Amino acid sequence: MIRVVIAEDQRMLLGALGSLLDLEEDMEVAGTAKNGEEACDLVLQLNPDICIMDIEMPVKSGLDAAEELKDHPCKIIILTTFARAGYFERAQKAGVSGYLLKDSPSEDLANSIRTIMNGKRIFAPELVDMAFGNENPLTEREKQVVELIADGKNTKEIARQLYITTGTVRNYISVILDKLEVSNRIEAVSRVKEKGWFK
């Protein structure tokens, strides 16, 4: 019997996924969680074979939870609406066994679980195409600057926090806008969000 834990913050979807998998003769839902922190606790407590996780959940995201469970024998499947290269990259680094999209047919999930239990990995084809040639072009320092912009900091505050001059901050910002092919700070932040490049 394949024992599964499901982590999903949308209750209706959580119930639907649980019912769906309970219909499979070779699977049982051992536990359900509303966020990444509960998922980590359940995996450590119940030692399931598989943990299916959404990404964007309160308290702790599915990717944070997957990183935390990296050394645990439980296989992690990310099941999300977000086909974002940055998320996929993080999921791969966390060693997840699968990254599937919620708009896939429901029977794909049970089949993917069986395939993963046989030692294979499964990634939604859209992500594999997207992952190639879609690396984050920003340096570590540029990423810090964008994160501070996203936090609502102005040029002076960024300079103070990073111990650099306001002129240097302006230079970074113009390089960032150039690399991201956007015309202002707001567009830069939304481009980085859309790509899933924020940590």
# chains A, B, ... in the order shown; residues from 1 in each chain; ligands from 1
$ residues_around --residues "Ala7 in chain A" --least-positions-apart "5" --cutoff "10 Å" --atoms "only C-alpha atoms" --output "number ranges by chain"
A: 14, 17, 31-40, 42, 51-55, 57, 61-62, 78-79
$ write_last_selection --atoms "N, CA, C and O atoms" --output "CSV table (one decimal), in the first residue's frame"
chain,number,residue,atom,x,y,z
A,14,LEU,N,-8.1,20.0,-1.2
A,14,LEU,CA,-7.5,19.0,-0.3
A,14,LEU,C,-8.5,17.7,-0.1
A,14,LEU,O,-8.0,16.6,-0.3
A,17,LEU,N,-8.6,15.8,-3.6
A,17,LEU,CA,-7.4,15.0,-3.8
A,17,LEU,C,-7.4,13.8,-2.9
A,17,LEU,O,-7.1,12.7,-3.4
A,31,GLY,N,-2.5,11.2,5.9
A,31,GLY,CA,-2.7,12.4,6.6
A,31,GLY,C,-2.8,13.6,5.7
A,31,GLY,O,-2.4,13.5,4.5
A,32,THR,N,-3.4,14.7,6.1
A,32,THR,CA,-3.5,15.9,5.3
A,32,THR,C,-3.1,17.1,6.1
A,32,THR,O,-3.2,17.2,7.4
A,33,ALA,N,-2.5,18.1,5.4
A,33,ALA,CA,-1.9,19.3,6.1
A,33,ALA,C,-2.4,20.5,5.3
A,33,ALA,O,-2.6,20.5,4.1
A,34,LYS,N,-2.5,21.7,6.1
A,34,LYS,CA,-3.0,22.9,5.5
A,34,LYS,C,-1.8,23.8,5.1
A,34,LYS,O,-2.0,24.9,4.5
A,35,ASN,N,-0.6,23.5,5.5
A,35,ASN,CA,0.5,24.3,5.2
A,35,ASN,C,1.8,23.5,5.2
A,35,ASN,O,1.8,22.3,5.7
A,36,GLY,N,2.9,24.1,4.8
A,36,GLY,CA,4.2,23.4,4.7
A,36,GLY,C,4.7,22.9,6.1
A,36,GLY,O,5.3,21.8,6.2
A,37,GLU,N,4.4,23.7,7.1
A,37,GLU,CA,4.9,23.3,8.5
A,37,GLU,C,4.2,22.0,8.9
A,37,GLU,O,4.9,21.1,9.4
A,38,GLU,N,2.9,22.0,8.8
A,38,GLU,CA,2.1,20.8,9.2
A,38,GLU,C,2.6,19.6,8.3
A,38,GLU,O,2.7,18.5,8.8
A,39,ALA,N,2.9,19.8,7.1
A,39,ALA,CA,3.3,18.8,6.2
A,39,ALA,C,4.6,18.1,6.7
A,39,ALA,O,4.8,16.9,6.8
A,40,CYS,N,5.6,19.0,7.1
A,40,CYS,CA,6.9,18.5,7.6
A,40,CYS,C,6.6,17.7,8.8
A,40,CYS,O,7.2,16.6,9.0
A,42,LEU,N,3.9,16.0,9.8
A,42,LEU,CA,3.2,14.8,9.4
A,42,LEU,C,4.2,13.8,8.8
A,42,LEU,O,4.1,12.6,9.1
A,51,CYS,N,4.7,12.5,-0.3
A,51,CYS,CA,4.0,13.7,0.2
A,51,CYS,C,3.7,14.6,-1.0
A,51,CYS,O,4.7,15.0,-1.8
A,52,ILE,N,2.5,14.9,-1.2
A,52,ILE,CA,2.1,15.8,-2.4
A,52,ILE,C,1.9,17.2,-1.8
A,52,ILE,O,1.2,17.4,-0.8
A,53,MET,N,2.6,18.2,-2.4
A,53,MET,CA,2.6,19.5,-1.8
A,53,MET,C,2.2,20.6,-2.8
A,53,MET,O,2.8,20.6,-3.9
A,54,ASP,N,1.4,21.5,-2.4
A,54,ASP,CA,1.2,22.7,-3.1
A,54,ASP,C,2.4,23.6,-2.8
A,54,ASP,O,3.1,23.4,-1.9
A,55,ILE,N,2.6,24.7,-3.6
A,55,ILE,CA,3.7,25.6,-3.3
A,55,ILE,C,3.3,26.7,-2.4
A,55,ILE,O,3.8,26.9,-1.4
A,57,MET,N,1.6,28.2,0.2
A,57,MET,CA,0.7,27.9,1.3
A,57,MET,C,1.2,28.8,2.5
A,57,MET,O,2.3,29.3,2.5
A,61,SER,N,6.0,27.6,2.8
A,61,SER,CA,5.6,27.2,1.4
A,61,SER,C,6.0,25.7,1.2
A,61,SER,O,6.8,25.2,1.9
A,62,GLY,N,5.4,25.2,0.1
A,62,GLY,CA,5.7,23.8,-0.2
A,62,GLY,C,7.2,23.6,-0.6
A,62,GLY,O,7.8,22.6,-0.3
A,78,ILE,N,5.5,18.0,-6.0
A,78,ILE,CA,4.9,19.3,-6.0
A,78,ILE,C,3.7,19.3,-7.0
A,78,ILE,O,3.9,18.9,-8.1
A,79,LEU,N,2.6,19.8,-6.5
A,79,LEU,CA,1.4,19.8,-7.3
A,79,LEU,C,0.9,21.3,-7.2
A,79,LEU,O,0.4,21.7,-6.2
$ residues_around --residues "range 99-105 of chain A" --least-positions-apart "5" --cutoff "9 Å" --atoms "only C-alpha atoms" --output "MDAnalysis selection string"
chainID A and resid 76:83 88 91:92 112 121:125 127
$ closest_residue --among "A:Ala85, A:Ile50, A:Val96, A:Ile116" --to "Glu67 in chain A" --atoms "only C-alpha atoms"
A:Val96
$ residues_around --residues "Leu23 in chain A" --least-positions-apart "6" --cutoff "12 Å" --atoms "only C-alpha atoms" --output "number ranges by chain"
A: 16-17, 29, 106-107, 110
$ write_last_selection --atoms "all heavy atoms" --output "mmCIF file, in the first residue's frame"
data_model
loop_
_atom_site.group_PDB
_atom_site.id
_atom_site.type_symbol
_atom_site.label_atom_id
_atom_site.label_comp_id
_atom_site.auth_asym_id
_atom_site.auth_seq_id
_atom_site.Cartn_x
_atom_site.Cartn_y
_atom_site.Cartn_z
ATOM 1 N N ALA A 16 -10.890 16.868 -2.219
ATOM 2 C CA ALA A 16 -11.041 16.209 -3.523
ATOM 3 C C ALA A 16 -9.840 15.308 -3.823
ATOM 4 O O ALA A 16 -10.002 14.166 -4.268
ATOM 5 C CB ALA A 16 -11.210 17.257 -4.618
ATOM 6 N N LEU A 17 -8.648 15.812 -3.554
ATOM 7 C CA LEU A 17 -7.436 15.006 -3.797
ATOM 8 C C LEU A 17 -7.427 13.761 -2.925
ATOM 9 O O LEU A 17 -7.106 12.661 -3.380
ATOM 10 C CB LEU A 17 -6.174 15.832 -3.495
ATOM 11 C CG LEU A 17 -5.737 16.850 -4.534
ATOM 12 C CD1 LEU A 17 -4.623 17.724 -3.980
ATOM 13 C CD2 LEU A 17 -5.268 16.157 -5.808
ATOM 14 N N VAL A 29 -4.549 7.616 1.942
ATOM 15 C CA VAL A 29 -4.130 8.927 2.423
ATOM 16 C C VAL A 29 -3.911 8.815 3.931
ATOM 17 O O VAL A 29 -4.844 8.590 4.700
ATOM 18 C CB VAL A 29 -5.195 10.005 2.085
ATOM 19 C CG1 VAL A 29 -4.790 11.350 2.680
ATOM 20 C CG2 VAL A 29 -5.370 10.107 0.574
ATOM 21 N N SER A 106 -6.923 14.063 -13.785
ATOM 22 C CA SER A 106 -6.794 13.490 -12.448
ATOM 23 C C SER A 106 -6.123 12.117 -12.434
ATOM 24 O O SER A 106 -5.378 11.800 -11.524
ATOM 25 C CB SER A 106 -8.149 13.438 -11.758
ATOM 26 O OG SER A 106 -9.050 12.706 -12.566
ATOM 27 N N GLU A 107 -6.363 11.292 -13.482
ATOM 28 C CA GLU A 107 -5.741 9.947 -13.458
ATOM 29 C C GLU A 107 -4.217 10.032 -13.590
ATOM 30 O O GLU A 107 -3.501 9.115 -13.208
ATOM 31 C CB GLU A 107 -6.336 9.028 -14.533
ATOM 32 C CG GLU A 107 -6.191 9.471 -15.970
ATOM 33 C CD GLU A 107 -7.331 10.401 -16.425
ATOM 34 O OE1 GLU A 107 -8.105 10.874 -15.563
ATOM 35 O OE2 GLU A 107 -7.427 10.631 -17.635
ATOM 36 N N ALA A 110 -2.389 9.631 -9.972
ATOM 37 C CA ALA A 110 -2.186 8.270 -9.442
ATOM 38 C C ALA A 110 -1.102 7.544 -10.237
ATOM 39 O O ALA A 110 -0.235 6.878 -9.658
ATOM 40 C CB ALA A 110 -3.496 7.497 -9.493
#
$ residues_around --residues "Ser174 in chain A" --least-positions-apart "3" --cutoff "12 Å" --atoms "only C-alpha atoms" --output "list in words"
Glu142, Val145, Val146, Gly167, Thr168, Val169, Arg170, Asn171, Leu177, Asp178, Lys179, Leu180, Glu181, Val182, Ser183, Asn184, Arg185 and Ala188 of chain A
$ write_last_selection --atoms "N, CA, C and O atoms" --output "tab-separated table (two decimals), in the first residue's frame"
chain	number	residue	atom	x	y	z
A	142	GLU	N	22.43	42.03	-7.24
A	142	GLU	CA	21.26	42.58	-7.95
A	142	GLU	C	19.96	41.97	-7.40
A	142	GLU	O	18.96	42.66	-7.25
A	145	VAL	N	19.10	43.78	-4.28
A	145	VAL	CA	18.52	45.09	-4.56
A	145	VAL	C	17.04	44.95	-4.94
A	145	VAL	O	16.18	45.66	-4.43
A	146	VAL	N	16.72	43.97	-5.81
A	146	VAL	CA	15.32	43.77	-6.22
A	146	VAL	C	14.46	43.38	-5.02
A	146	VAL	O	13.34	43.86	-4.88
A	167	GLY	N	24.44	56.40	-5.54
A	167	GLY	CA	24.84	56.33	-6.96
A	167	GLY	C	25.01	54.88	-7.40
A	167	GLY	O	24.57	54.48	-8.50
A	168	THR	N	25.62	54.08	-6.53
A	168	THR	CA	25.82	52.65	-6.84
A	168	THR	C	24.48	51.94	-6.93
A	168	THR	O	24.26	51.11	-7.82
A	169	VAL	N	23.55	52.28	-6.03
A	169	VAL	CA	22.21	51.68	-6.07
A	169	VAL	C	21.56	52.00	-7.42
A	169	VAL	O	21.00	51.13	-8.08
A	170	ARG	N	21.67	53.28	-7.84
A	170	ARG	CA	21.07	53.67	-9.13
A	170	ARG	C	21.68	52.88	-10.28
A	170	ARG	O	20.98	52.48	-11.20
A	171	ASN	N	23.00	52.68	-10.22
A	171	ASN	CA	23.67	51.88	-11.27
A	171	ASN	C	23.11	50.46	-11.30
A	171	ASN	O	22.80	49.92	-12.35
A	177	LEU	N	17.06	46.75	-14.66
A	177	LEU	CA	15.99	47.05	-15.62
A	177	LEU	C	16.40	46.58	-17.01
A	177	LEU	O	15.59	46.01	-17.77
A	178	ASP	N	17.67	46.79	-17.32
A	178	ASP	CA	18.21	46.39	-18.62
A	178	ASP	C	18.16	44.86	-18.79
A	178	ASP	O	17.66	44.34	-19.78
A	179	LYS	N	18.67	44.15	-17.78
A	179	LYS	CA	18.71	42.68	-17.85
A	179	LYS	C	17.32	42.07	-17.92
A	179	LYS	O	17.10	41.06	-18.58
A	180	LEU	N	16.37	42.66	-17.17
A	180	LEU	CA	15.01	42.10	-17.13
A	180	LEU	C	14.13	42.62	-18.27
A	180	LEU	O	12.99	42.21	-18.42
A	181	GLU	N	14.71	43.56	-19.07
A	181	GLU	CA	13.99	44.16	-20.20
A	181	GLU	C	12.67	44.79	-19.76
A	181	GLU	O	11.61	44.54	-20.33
A	182	VAL	N	12.76	45.60	-18.69
A	182	VAL	CA	11.58	46.32	-18.19
A	182	VAL	C	11.95	47.79	-18.06
A	182	VAL	O	13.13	48.15	-18.12
A	183	SER	N	10.93	48.66	-17.87
A	183	SER	CA	11.25	50.09	-17.87
A	183	SER	C	11.21	50.76	-16.50
A	183	SER	O	11.59	51.91	-16.37
A	184	ASN	N	10.72	50.06	-15.46
A	184	ASN	CA	10.73	50.68	-14.13
A	184	ASN	C	10.80	49.63	-13.02
A	184	ASN	O	10.73	48.43	-13.29
A	185	ARG	N	10.92	50.11	-11.79
A	185	ARG	CA	11.09	49.22	-10.62
A	185	ARG	C	9.90	48.28	-10.42
A	185	ARG	O	10.08	47.12	-10.07
A	188	ALA	N	10.05	45.54	-12.77
A	188	ALA	CA	11.16	44.64	-12.41
A	188	ALA	C	10.71	43.66	-11.34
A	188	ALA	O	10.93	42.45	-11.44
$ select_by_dssp --residues "range 74-179 of chain A" --states "helix (DSSP H, G or I)" --output "count of residues only"
61
$ closest_residue --among "A:Pro58, A:Pro48, A:Gly86, A:Gly196" --to "His72 in chain A" --atoms "only C-alpha atoms"
A:Pro48
$ atom_distance --atom1 "CA of Met12 in chain A" --atom2 "CA of Glu56 in chain A"
15.7 Å
$ select_by_dssp --residues "range 12-186 of chain A" --states "strand (DSSP E or B)" --output "PDB file with N, CA, C and O atoms, in the first residue's frame"
ATOM      1  N   MET A  27      -3.458   2.654  -2.804  1.00  0.00           N
ATOM      2  CA  MET A  27      -3.049   3.884  -2.099  1.00  0.00           C
ATOM      3  C   MET A  27      -3.961   4.192  -0.925  1.00  0.00           C
ATOM      4  O   MET A  27      -5.146   3.896  -0.964  1.00  0.00           O
ATOM      5  N   GLU A  28      -3.367   4.831   0.096  1.00  0.00           N
ATOM      6  CA  GLU A  28      -4.196   5.338   1.187  1.00  0.00           C
ATOM      7  C   GLU A  28      -3.639   6.684   1.631  1.00  0.00           C
ATOM      8  O   GLU A  28      -2.424   6.895   1.654  1.00  0.00           O
ATOM      9  N   VAL A  29      -4.549   7.616   1.942  1.00  0.00           N
ATOM     10  CA  VAL A  29      -4.130   8.927   2.423  1.00  0.00           C
ATOM     11  C   VAL A  29      -3.911   8.815   3.931  1.00  0.00           C
ATOM     12  O   VAL A  29      -4.844   8.590   4.700  1.00  0.00           O
ATOM     13  N   ALA A  30      -2.642   8.932   4.320  1.00  0.00           N
ATOM     14  CA  ALA A  30      -2.283   8.749   5.730  1.00  0.00           C
ATOM     15  C   ALA A  30      -2.522  10.017   6.547  1.00  0.00           C
ATOM     16  O   ALA A  30      -2.724   9.966   7.750  1.00  0.00           O
ATOM     17  N   GLY A  31      -2.498  11.183   5.873  1.00  0.00           N
ATOM     18  CA  GLY A  31      -2.701  12.434   6.603  1.00  0.00           C
ATOM     19  C   GLY A  31      -2.822  13.612   5.654  1.00  0.00           C
ATOM     20  O   GLY A  31      -2.395  13.532   4.502  1.00  0.00           O
ATOM     21  N   THR A  32      -3.418  14.711   6.142  1.00  0.00           N
ATOM     22  CA  THR A  32      -3.540  15.919   5.326  1.00  0.00           C
ATOM     23  C   THR A  32      -3.063  17.120   6.133  1.00  0.00           C
ATOM     24  O   THR A  32      -3.210  17.157   7.358  1.00  0.00           O
ATOM     25  N   ALA A  33      -2.490  18.105   5.419  1.00  0.00           N
ATOM     26  CA  ALA A  33      -1.941  19.297   6.071  1.00  0.00           C
ATOM     27  C   ALA A  33      -2.410  20.546   5.337  1.00  0.00           C
ATOM     28  O   ALA A  33      -2.633  20.515   4.132  1.00  0.00           O
ATOM     29  N   ILE A  50       4.943   8.999   0.081  1.00  0.00           N
ATOM     30  CA  ILE A  50       4.836  10.151  -0.813  1.00  0.00           C
ATOM     31  C   ILE A  50       4.207  11.319  -0.057  1.00  0.00           C
ATOM     32  O   ILE A  50       3.285  11.119   0.731  1.00  0.00           O
ATOM     33  N   CYS A  51       4.703  12.536  -0.336  1.00  0.00           N
ATOM     34  CA  CYS A  51       4.021  13.735   0.177  1.00  0.00           C
ATOM     35  C   CYS A  51       3.744  14.636  -1.029  1.00  0.00           C
ATOM     36  O   CYS A  51       4.668  14.999  -1.758  1.00  0.00           O
ATOM     37  N   ILE A  52       2.453  14.928  -1.248  1.00  0.00           N
ATOM     38  CA  ILE A  52       2.060  15.805  -2.351  1.00  0.00           C
ATOM     39  C   ILE A  52       1.885  17.202  -1.773  1.00  0.00           C
ATOM     40  O   ILE A  52       1.151  17.382  -0.800  1.00  0.00           O
ATOM     41  N   MET A  53       2.594  18.187  -2.365  1.00  0.00           N
ATOM     42  CA  MET A  53       2.569  19.537  -1.798  1.00  0.00           C
ATOM     43  C   MET A  53       2.242  20.610  -2.800  1.00  0.00           C
ATOM     44  O   MET A  53       2.785  20.628  -3.898  1.00  0.00           O
ATOM     45  N   LYS A  75       9.169  10.588  -0.683  1.00  0.00           N
ATOM     46  CA  LYS A  75       9.319  11.254  -1.984  1.00  0.00           C
ATOM     47  C   LYS A  75       8.323  12.417  -2.071  1.00  0.00           C
ATOM     48  O   LYS A  75       7.160  12.255  -1.729  1.00  0.00           O
ATOM     49  N   ILE A  76       8.824  13.561  -2.516  1.00  0.00           N
ATOM     50  CA  ILE A  76       7.982  14.765  -2.576  1.00  0.00           C
ATOM     51  C   ILE A  76       7.500  15.011  -4.007  1.00  0.00           C
ATOM     52  O   ILE A  76       8.297  14.980  -4.954  1.00  0.00           O
ATOM     53  N   ILE A  77       6.193  15.256  -4.137  1.00  0.00           N
ATOM     54  CA  ILE A  77       5.629  15.668  -5.430  1.00  0.00           C
ATOM     55  C   ILE A  77       5.043  17.062  -5.246  1.00  0.00           C
ATOM     56  O   ILE A  77       4.215  17.279  -4.364  1.00  0.00           O
ATOM     57  N   ILE A  78       5.504  18.001  -6.044  1.00  0.00           N
ATOM     58  CA  ILE A  78       4.916  19.345  -6.029  1.00  0.00           C
ATOM     59  C   ILE A  78       3.730  19.320  -6.989  1.00  0.00           C
ATOM     60  O   ILE A  78       3.860  18.883  -8.132  1.00  0.00           O
ATOM     61  N   LEU A  79       2.572  19.764  -6.505  1.00  0.00           N
ATOM     62  CA  LEU A  79       1.369  19.830  -7.344  1.00  0.00           C
ATOM     63  C   LEU A  79       0.866  21.266  -7.240  1.00  0.00           C
ATOM     64  O   LEU A  79       0.401  21.695  -6.186  1.00  0.00           O
ATOM     65  N   THR A  80       1.016  22.026  -8.323  1.00  0.00           N
ATOM     66  CA  THR A  80       0.760  23.460  -8.244  1.00  0.00           C
ATOM     67  C   THR A  80       0.115  24.010  -9.506  1.00  0.00           C
ATOM     68  O   THR A  80       0.097  23.329 -10.534  1.00  0.00           O
ATOM     69  N   GLY A  98       8.721  14.785  -8.217  1.00  0.00           N
ATOM     70  CA  GLY A  98       7.762  15.154  -9.256  1.00  0.00           C
ATOM     71  C   GLY A  98       7.343  16.605  -9.126  1.00  0.00           C
ATOM     72  O   GLY A  98       7.358  17.168  -8.038  1.00  0.00           O
ATOM     73  N   TYR A  99       7.015  17.224 -10.262  1.00  0.00           N
ATOM     74  CA  TYR A  99       6.488  18.590 -10.268  1.00  0.00           C
ATOM     75  C   TYR A  99       5.375  18.566 -11.301  1.00  0.00           C
ATOM     76  O   TYR A  99       5.628  18.506 -12.501  1.00  0.00           O
ATOM     77  N   LEU A 100       4.131  18.542 -10.815  1.00  0.00           N
ATOM     78  CA  LEU A 100       2.977  18.398 -11.706  1.00  0.00           C
ATOM     79  C   LEU A 100       2.086  19.629 -11.606  1.00  0.00           C
ATOM     80  O   LEU A 100       2.072  20.310 -10.581  1.00  0.00           O
ATOM     81  N   LEU A 101       1.339  19.881 -12.669  1.00  0.00           N
ATOM     82  CA  LEU A 101       0.449  21.035 -12.675  1.00  0.00           C
ATOM     83  C   LEU A 101      -0.981  20.596 -12.375  1.00  0.00           C
ATOM     84  O   LEU A 101      -1.411  19.521 -12.791  1.00  0.00           O
ATOM     85  N   ILE A 122       9.098  12.615 -12.334  1.00  0.00           N
ATOM     86  CA  ILE A 122       8.148  13.095 -13.342  1.00  0.00           C
ATOM     87  C   ILE A 122       8.001  14.606 -13.222  1.00  0.00           C
ATOM     88  O   ILE A 122       7.683  15.121 -12.151  1.00  0.00           O
ATOM     89  N   PHE A 123       8.251  15.298 -14.343  1.00  0.00           N
ATOM     90  CA  PHE A 123       8.091  16.747 -14.373  1.00  0.00           C
ATOM     91  C   PHE A 123       7.153  17.116 -15.516  1.00  0.00           C
ATOM     92  O   PHE A 123       7.251  16.546 -16.603  1.00  0.00           O
TER      93      PHE A 123
END
$ atom_distance --atom1 "CA of Asn136 in chain A" --atom2 "CA of Val192 in chain A"
8.6 Å
$ atom_distance --atom1 "CA of Glu187 in chain A" --atom2 "CA of Ala159 in chain A"
20.7 Å
$ decode --residues "range 116-129 of chain A" --atoms "C-alpha atoms" --output "CSV table (one decimal), in the first residue's frame"
chain,number,residue,atom,x,y,z
A,116,ILE,CA,7.7,7.7,-8.8
A,117,MET,CA,7.4,4.8,-6.4
A,118,ASN,CA,9.3,2.8,-9.1
A,119,GLY,CA,12.3,5.2,-8.7
A,120,LYS,CA,11.5,7.6,-11.6
A,121,ARG,CA,11.0,11.3,-11.6
A,122,ILE,CA,8.1,13.1,-13.3
A,123,PHE,CA,8.1,16.7,-14.4
A,124,ALA,CA,5.3,18.5,-16.3
A,125,PRO,CA,6.5,18.9,-19.9
A,126,GLU,CA,5.8,22.6,-19.9
A,127,LEU,CA,8.3,23.1,-17.1
A,128,VAL,CA,11.1,21.1,-18.8
A,129,ASP,CA,10.8,23.3,-21.9
